[in-house]
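Working notes for the structure below.
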There are 2 protein chains.
Amino acid sequence: MTTEALVPVFAALGDETRWSILAALGEGEASASALAGRLPVSRQAIAKHLAVLEEVGLVESLRAGREVRYRVVGAQLEATARRLDAIGALWDRRLVDIKRIAESL
Amino acid sequence: MTTEALVPVFAALGDETRWSILAALGEGEASASALAGRLPVSRQAIAKHLAVLEEVGLVESLRAGREVRYRVVGAQLEATARRLDAIGALWDRRLVDIKRIAESL
DNA sequence: CCTATGTGCAACTGAGGGGTTGCATTGACC
DNA sequence: GGTCAATGCAACCCCTCAGTTGCACATAGG
C-alpha cells in the first residue's frame, strides 16, 4: 500500500484544487457531487481529481448504493513524508561528509 | 527559509527529470552544463528546472567565476516532510475521532 | 587579443492536464 | 414502473510547461 512510486504522489499534491478536495475530505467522507457543491469547480473536474488521488493512494472510495463516498488516507501522506525525510537526511549526511573531508585537509 | 508555500514545492517534486537533477546534485555540486553532460536533456532545459527548484528552495546556487554551481538543500526536503507528516497525523486523528464516536453509539 | 566554454535570453513546438458541457446509465424511492 | 439524483463516459477548449534551437554575452586561458 505504500510501495507506490513517489513522483506521481507529488505530482498529485502539486495542485491547489486537489488540496481543496483533500481539505474538504479531511472534515469527513463525501461524494463527488457533495464536493462539487462546496468547491467552485464542476463535478466532473472533481471526479477526475479524485481518480488521480485514488490512483496514488491518497484517497480511497467506498460505494454506498448509487453514490461513491471518498475518504482521505492519512497513512499514505505519512509514508510519503517518511520517505521524503529519509532522502533529505541522506543529502544532509553527504554534505556533512564533504564538510568533514574539507576540514581534515 | 522554510515558510514557503508547500504546493509549489510538491509541483516541483512532481517531475522525473527534476528528480534526476536532484539525484545528480546529491552526489555533489554541479553546474548546469555539467549536469547536461550527464542527463539526456539540453542545458537550457536543465537551467529551467534548476530555476524552478531554486524558486522553491530545494536548491541553492553559488557563482564561481563564469560558472554557477548548484547544491541540493536537504533541510528544505526535511521541512516539507515534517509538514506533510503533521497534516497526515491530523487527518488520522480525525478518523480516529469519528471511529470513537461511532463506537460510543 | 583570440578562442573556448559557460550562461542568459528569446521564440517556437508539442504534449499533457485542468476544466467545461452534453449525454448515457444506473440505482433509490414513491 | 416512472422519476429523479448520482455516477460514468466522451469530446472538446485552453493554457501551462517540458523541451528544443539559435544567438548574444561574459569570462577563463593560451
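Naming scheme: A, B, ... for chains in displayed order of the C-alpha cells; residues 1 onward per chain; ligands 1 onward as shown.
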Expected answer as an MDAnalysis selection string: chain B residues within 9 Å of chain A, only C-alpha atoms: chainID B and resid 6:16 19 26:28 72:95 98
Would you put the residues from that selection into a file with C-alpha atoms, as a short mmCIF file (atom, residue, chain, number, x, y, z; two decimals), in the first residue's frame?
```cif
data_model
loop_
_atom_site.label_atom_id
_atom_site.label_comp_id
_atom_site.auth_asym_id
_atom_site.auth_seq_id
_atom_site.Cartn_x
_atom_site.Cartn_y
_atom_site.Cartn_z
CA LEU B 6 4.19 23.97 0.03
CA VAL B 7 2.07 23.27 -3.02
CA PRO B 8 4.70 24.70 -5.42
CA VAL B 9 7.28 22.52 -3.69
CA PHE B 10 5.24 19.43 -4.48
CA ALA B 11 4.70 20.62 -8.02
CA ALA B 12 8.46 20.93 -8.33
CA LEU B 13 8.91 17.42 -6.95
CA GLY B 14 6.30 16.01 -9.34
CA ASP B 15 8.68 15.71 -12.28
CA GLU B 16 11.02 12.83 -13.05
CA TRP B 19 14.45 14.15 -9.52
CA GLY B 26 23.07 14.74 -4.33
CA GLU B 27 26.43 13.34 -5.36
CA GLY B 28 28.00 16.77 -5.24
CA VAL B 72 20.82 20.50 -3.05
CA VAL B 73 19.18 21.76 0.16
CA GLY B 74 18.30 18.74 2.29
CA ALA B 75 16.80 20.92 5.01
CA GLN B 76 14.02 22.06 2.73
CA LEU B 77 13.09 18.46 1.98
CA GLU B 78 13.02 17.62 5.64
CA ALA B 79 10.93 20.66 6.48
CA THR B 80 8.45 19.69 3.77
CA ALA B 81 8.41 16.13 5.12
CA ARG B 82 7.59 17.38 8.60
CA ARG B 83 4.70 19.47 7.36
CA LEU B 84 3.37 16.57 5.34
CA ASP B 85 3.58 14.28 8.33
CA ALA B 86 1.73 16.78 10.51
CA ILE B 87 -1.13 17.00 8.03
CA GLY B 88 -1.34 13.23 7.76
CA ALA B 89 -1.45 12.95 11.52
CA LEU B 90 -4.27 15.49 11.68
CA TRP B 91 -6.32 13.52 9.22
CA ASP B 92 -5.63 10.30 11.04
CA ARG B 93 -6.66 11.87 14.32
CA ARG B 94 -9.94 12.97 12.83
CA LEU B 95 -10.63 9.49 11.51
CA ILE B 98 -15.06 9.55 14.07
#
```
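Within 12 Å of chain B, counting only C-alpha atoms (C1' of nucleotides), chain C contributes DT5, DG6, DT7, DG8, DC9 and DA10 of chain C.
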Output for the residues just chosen: N, CA and C atoms (P, O5', C5', C4', C3', O3' and C1' of nucleotides) as a PDB file, in the first residue's frame:
```pdb
ATOM      1  P    DT C   5      35.994  24.096 -25.771  1.00  0.00           P
ATOM      2  O5'  DT C   5      35.187  24.495 -24.444  1.00  0.00           O
ATOM      3  C5'  DT C   5      35.917  24.853 -23.269  1.00  0.00           C
ATOM      4  C4'  DT C   5      35.040  25.656 -22.321  1.00  0.00           C
ATOM      5  C3'  DT C   5      33.631  25.070 -22.115  1.00  0.00           C
ATOM      6  O3'  DT C   5      33.368  25.023 -20.726  1.00  0.00           O
ATOM      7  C1'  DT C   5      33.489  27.363 -22.621  1.00  0.00           C
ATOM      8  P    DG C   6      32.191  24.153 -20.175  1.00  0.00           P
ATOM      9  O5'  DG C   6      31.310  25.274 -19.460  1.00  0.00           O
ATOM     10  C5'  DG C   6      31.932  26.162 -18.540  1.00  0.00           C
ATOM     11  C4'  DG C   6      30.961  27.264 -18.178  1.00  0.00           C
ATOM     12  C3'  DG C   6      29.514  26.795 -18.003  1.00  0.00           C
ATOM     13  O3'  DG C   6      28.963  27.369 -16.829  1.00  0.00           O
ATOM     14  C1'  DG C   6      29.611  28.539 -19.590  1.00  0.00           C
ATOM     15  P    DT C   7      27.505  26.963 -16.293  1.00  0.00           P
ATOM     16  O5'  DT C   7      26.711  28.345 -16.313  1.00  0.00           O
ATOM     17  C5'  DT C   7      26.931  29.215 -17.368  1.00  0.00           C
ATOM     18  C4'  DT C   7      26.361  30.588 -17.125  1.00  0.00           C
ATOM     19  C3'  DT C   7      24.853  30.609 -16.879  1.00  0.00           C
ATOM     20  O3'  DT C   7      24.491  31.759 -16.132  1.00  0.00           O
ATOM     21  C1'  DT C   7      25.328  31.456 -19.042  1.00  0.00           C
ATOM     22  P    DG C   8      22.942  31.982 -15.751  1.00  0.00           P
ATOM     23  O5'  DG C   8      22.410  32.920 -16.933  1.00  0.00           O
ATOM     24  C5'  DG C   8      23.092  34.141 -17.209  1.00  0.00           C
ATOM     25  C4'  DG C   8      22.313  34.958 -18.244  1.00  0.00           C
ATOM     26  C3'  DG C   8      20.794  34.862 -18.097  1.00  0.00           C
ATOM     27  O3'  DG C   8      20.222  36.158 -18.266  1.00  0.00           O
ATOM     28  C1'  DG C   8      21.441  34.131 -20.268  1.00  0.00           C
ATOM     29  P    DC C   9      18.659  36.399 -18.069  1.00  0.00           P
ATOM     30  O5'  DC C   9      18.134  36.520 -19.572  1.00  0.00           O
ATOM     31  C5'  DC C   9      18.830  37.358 -20.500  1.00  0.00           C
ATOM     32  C4'  DC C   9      18.179  37.286 -21.882  1.00  0.00           C
ATOM     33  C3'  DC C   9      16.649  37.150 -21.843  1.00  0.00           C
ATOM     34  O3'  DC C   9      16.080  38.078 -22.753  1.00  0.00           O
ATOM     35  C1'  DC C   9      17.601  35.453 -23.188  1.00  0.00           C
ATOM     36  P    DA C  10      14.512  38.346 -22.780  1.00  0.00           P
ATOM     37  O5'  DA C  10      14.106  37.652 -24.160  1.00  0.00           O
ATOM     38  C5'  DA C  10      14.970  37.779 -25.279  1.00  0.00           C
ATOM     39  C4'  DA C  10      14.442  36.964 -26.450  1.00  0.00           C
ATOM     40  C3'  DA C  10      12.923  36.754 -26.433  1.00  0.00           C
ATOM     41  O3'  DA C  10      12.400  37.005 -27.733  1.00  0.00           O
ATOM     42  C1'  DA C  10      14.025  34.673 -26.607  1.00  0.00           C
TER      43       DA C  10
END
```
Test item: residues at most 12 Å from DC15 in chain D, only C-alpha atoms (C1' of nucleotides), excluding those fewer than 2 positions along its chain, as an MDAnalysis selection string: (chainID C and resid 16:19) or (chainID D and resid 13 17)
Test item: chain D residues at most 12 Å from chain B, counting only C-alpha atoms (C1' of nucleotides), as a PyMOL selection string: chain D and resi 17-22+25-28
Backbone-only DSSP, strand (DSSP E) members of chain B, as a list in words: Ala30, Ser31, Val59, Glu60, Ser61, Leu62, Arg63, Ala64, Glu67, Val68, Arg69, Tyr70, Arg71 and Val72 of chain B
If you keep C-alpha atoms, can you produce a file of those selected residues as a compact mmCIF listing (two decimals), in the first residue's frame?
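As written to disk, part-v4.txt reads:
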```txt
# COMPACT_ATOMS: atom_id res chain seq x y z
CA ALA B 30 27.47 20.78 -10.26
CA SER B 31 26.82 23.42 -12.90
CA VAL B 59 18.40 24.00 -4.39
CA GLU B 60 20.75 26.94 -3.98
CA SER B 61 23.23 28.47 -6.40
CA LEU B 62 26.75 29.81 -5.98
CA ARG B 63 28.64 31.79 -8.59
CA ALA B 64 32.20 30.58 -9.17
CA GLU B 67 30.07 29.18 -13.92
CA VAL B 68 27.18 28.76 -11.50
CA ARG B 69 27.29 25.72 -9.25
CA TYR B 70 24.13 24.29 -7.71
CA ARG B 71 23.74 22.45 -4.44
CA VAL B 72 20.82 20.50 -3.05
```
Report as a tab-separated table: every residue of chain D with an atom at most 10 Å from range 20-23 of chain C, its closest pair of atoms, and their distance in Å to one decimal, counting only C-alpha atoms (C1' of nucleotides), with rows sorted by chain and ascending residue number.
```
residue	atom	partner	partner_atom	distance
D:DC9	C1'	C:DC23	C1'	8.9
D:DA10	C1'	C:DC23	C1'	9.1
D:DA11	C1'	C:DG22	C1'	9.3
D:DC12	C1'	C:DT20	C1'	8.4
D:DC13	C1'	C:DT20	C1'	8.1
```
Helix (DSSP H, G or I) positions in chain A, given as a VMD selection string: chain A and resid 6 to 13 16 to 26 32 to 38 43 to 55 74 to 103
Could you save those same residues with C-alpha atoms as a PDB file, in the first residue's frame?
```pdb
ATOM      1  CA  LEU A   6       6.506   8.633  -5.166  1.00  0.00           C
ATOM      2  CA  VAL A   7       6.867  11.069  -8.031  1.00  0.00           C
ATOM      3  CA  PRO A   8       3.217  10.647  -9.102  1.00  0.00           C
ATOM      4  CA  VAL A   9       2.220  11.264  -5.495  1.00  0.00           C
ATOM      5  CA  PHE A  10       3.998  14.606  -5.541  1.00  0.00           C
ATOM      6  CA  ALA A  11       2.505  15.416  -8.908  1.00  0.00           C
ATOM      7  CA  ALA A  12      -0.905  14.748  -7.367  1.00  0.00           C
ATOM      8  CA  LEU A  13      -0.063  17.005  -4.428  1.00  0.00           C
ATOM      9  CA  GLU A  16      -4.285  23.644  -5.386  1.00  0.00           C
ATOM     10  CA  THR A  17      -7.679  22.255  -6.320  1.00  0.00           C
ATOM     11  CA  ARG A  18      -6.694  18.785  -5.177  1.00  0.00           C
ATOM     12  CA  TRP A  19      -5.610  20.237  -1.841  1.00  0.00           C
ATOM     13  CA  SER A  20      -9.031  21.859  -1.557  1.00  0.00           C
ATOM     14  CA  ILE A  21     -10.570  18.454  -2.141  1.00  0.00           C
ATOM     15  CA  LEU A  22      -8.285  16.798   0.388  1.00  0.00           C
ATOM     16  CA  ALA A  23      -9.045  19.503   2.916  1.00  0.00           C
ATOM     17  CA  ALA A  24     -12.782  19.057   2.377  1.00  0.00           C
ATOM     18  CA  LEU A  25     -12.459  15.291   2.714  1.00  0.00           C
ATOM     19  CA  GLY A  26     -10.428  15.848   5.860  1.00  0.00           C
ATOM     20  CA  ALA A  32     -18.056  13.843  -5.818  1.00  0.00           C
ATOM     21  CA  SER A  33     -21.407  15.596  -6.086  1.00  0.00           C
ATOM     22  CA  ALA A  34     -21.266  16.732  -2.467  1.00  0.00           C
ATOM     23  CA  LEU A  35     -17.793  18.153  -3.046  1.00  0.00           C
ATOM     24  CA  ALA A  36     -18.986  19.895  -6.193  1.00  0.00           C
ATOM     25  CA  GLY A  37     -21.459  21.757  -4.024  1.00  0.00           C
ATOM     26  CA  ARG A  38     -18.685  23.099  -1.803  1.00  0.00           C
ATOM     27  CA  ARG A  43     -18.477  17.624 -10.540  1.00  0.00           C
ATOM     28  CA  GLN A  44     -16.608  16.067 -13.460  1.00  0.00           C
ATOM     29  CA  ALA A  45     -13.497  18.047 -12.687  1.00  0.00           C
ATOM     30  CA  ILE A  46     -13.669  16.811  -9.109  1.00  0.00           C
ATOM     31  CA  ALA A  47     -14.229  13.260 -10.326  1.00  0.00           C
ATOM     32  CA  LYS A  48     -11.027  13.455 -12.357  1.00  0.00           C
ATOM     33  CA  HIS A  49      -9.101  14.799  -9.386  1.00  0.00           C
ATOM     34  CA  LEU A  50     -10.481  12.053  -7.174  1.00  0.00           C
ATOM     35  CA  ALA A  51      -9.380   9.474  -9.736  1.00  0.00           C
ATOM     36  CA  VAL A  52      -5.858  10.911  -9.647  1.00  0.00           C
ATOM     37  CA  LEU A  53      -5.809  10.978  -5.860  1.00  0.00           C
ATOM     38  CA  GLU A  54      -7.107   7.423  -5.635  1.00  0.00           C
ATOM     39  CA  GLU A  55      -4.543   6.279  -8.206  1.00  0.00           C
ATOM     40  CA  GLY A  74      -3.601   9.873   6.132  1.00  0.00           C
ATOM     41  CA  ALA A  75      -1.268   6.886   6.229  1.00  0.00           C
ATOM     42  CA  GLN A  76      -0.190   7.457   2.644  1.00  0.00           C
ATOM     43  CA  LEU A  77       0.713  11.046   3.447  1.00  0.00           C
ATOM     44  CA  GLU A  78       2.746   9.956   6.425  1.00  0.00           C
ATOM     45  CA  ALA A  79       4.511   7.247   4.437  1.00  0.00           C
ATOM     46  CA  THR A  80       5.415   9.791   1.781  1.00  0.00           C
ATOM     47  CA  ALA A  81       6.624  12.166   4.474  1.00  0.00           C
ATOM     48  CA  ARG A  82       8.906   9.485   5.905  1.00  0.00           C
ATOM     49  CA  ARG A  83      10.444   8.728   2.541  1.00  0.00           C
ATOM     50  CA  LEU A  84      10.988  12.413   1.880  1.00  0.00           C
ATOM     51  CA  ASP A  85      12.638  12.845   5.245  1.00  0.00           C
ATOM     52  CA  ALA A  86      14.933   9.881   4.606  1.00  0.00           C
ATOM     53  CA  ILE A  87      16.100  11.341   1.317  1.00  0.00           C
ATOM     54  CA  GLY A  88      16.690  14.736   2.880  1.00  0.00           C
ATOM     55  CA  ALA A  89      18.714  13.117   5.639  1.00  0.00           C
ATOM     56  CA  LEU A  90      20.806  11.281   3.071  1.00  0.00           C
ATOM     57  CA  TRP A  91      21.644  14.502   1.295  1.00  0.00           C
ATOM     58  CA  ASP A  92      22.416  16.234   4.530  1.00  0.00           C
ATOM     59  CA  ARG A  93      24.706  13.398   5.554  1.00  0.00           C
ATOM     60  CA  ARG A  94      26.613  13.679   2.297  1.00  0.00           C
ATOM     61  CA  LEU A  95      27.054  17.409   2.784  1.00  0.00           C
ATOM     62  CA  VAL A  96      28.310  16.737   6.284  1.00  0.00           C
ATOM     63  CA  ASP A  97      30.790  14.222   4.917  1.00  0.00           C
ATOM     64  CA  ILE A  98      32.108  16.730   2.410  1.00  0.00           C
ATOM     65  CA  LYS A  99      32.459  19.314   5.135  1.00  0.00           C
ATOM     66  CA  ARG A 100      34.326  16.857   7.345  1.00  0.00           C
ATOM     67  CA  ILE A 101      36.643  15.987   4.491  1.00  0.00           C
ATOM     68  CA  ALA A 102      37.306  19.653   3.812  1.00  0.00           C
ATOM     69  CA  GLU A 103      38.056  20.301   7.464  1.00  0.00           C
TER      70      GLU A 103
END
```
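As for CA of Pro40 in chain A and C1' of DG8 in chain D, they are spaced 21.1 Å apart.
Rounded to one decimal, C1' of DC30 in chain C and C1' of DG2 in chain D lie 9.3 Å from each other.
In this model, the gap between C1' of DC2 in chain C and C1' of DG29 in chain D comes to 10.4 Å.
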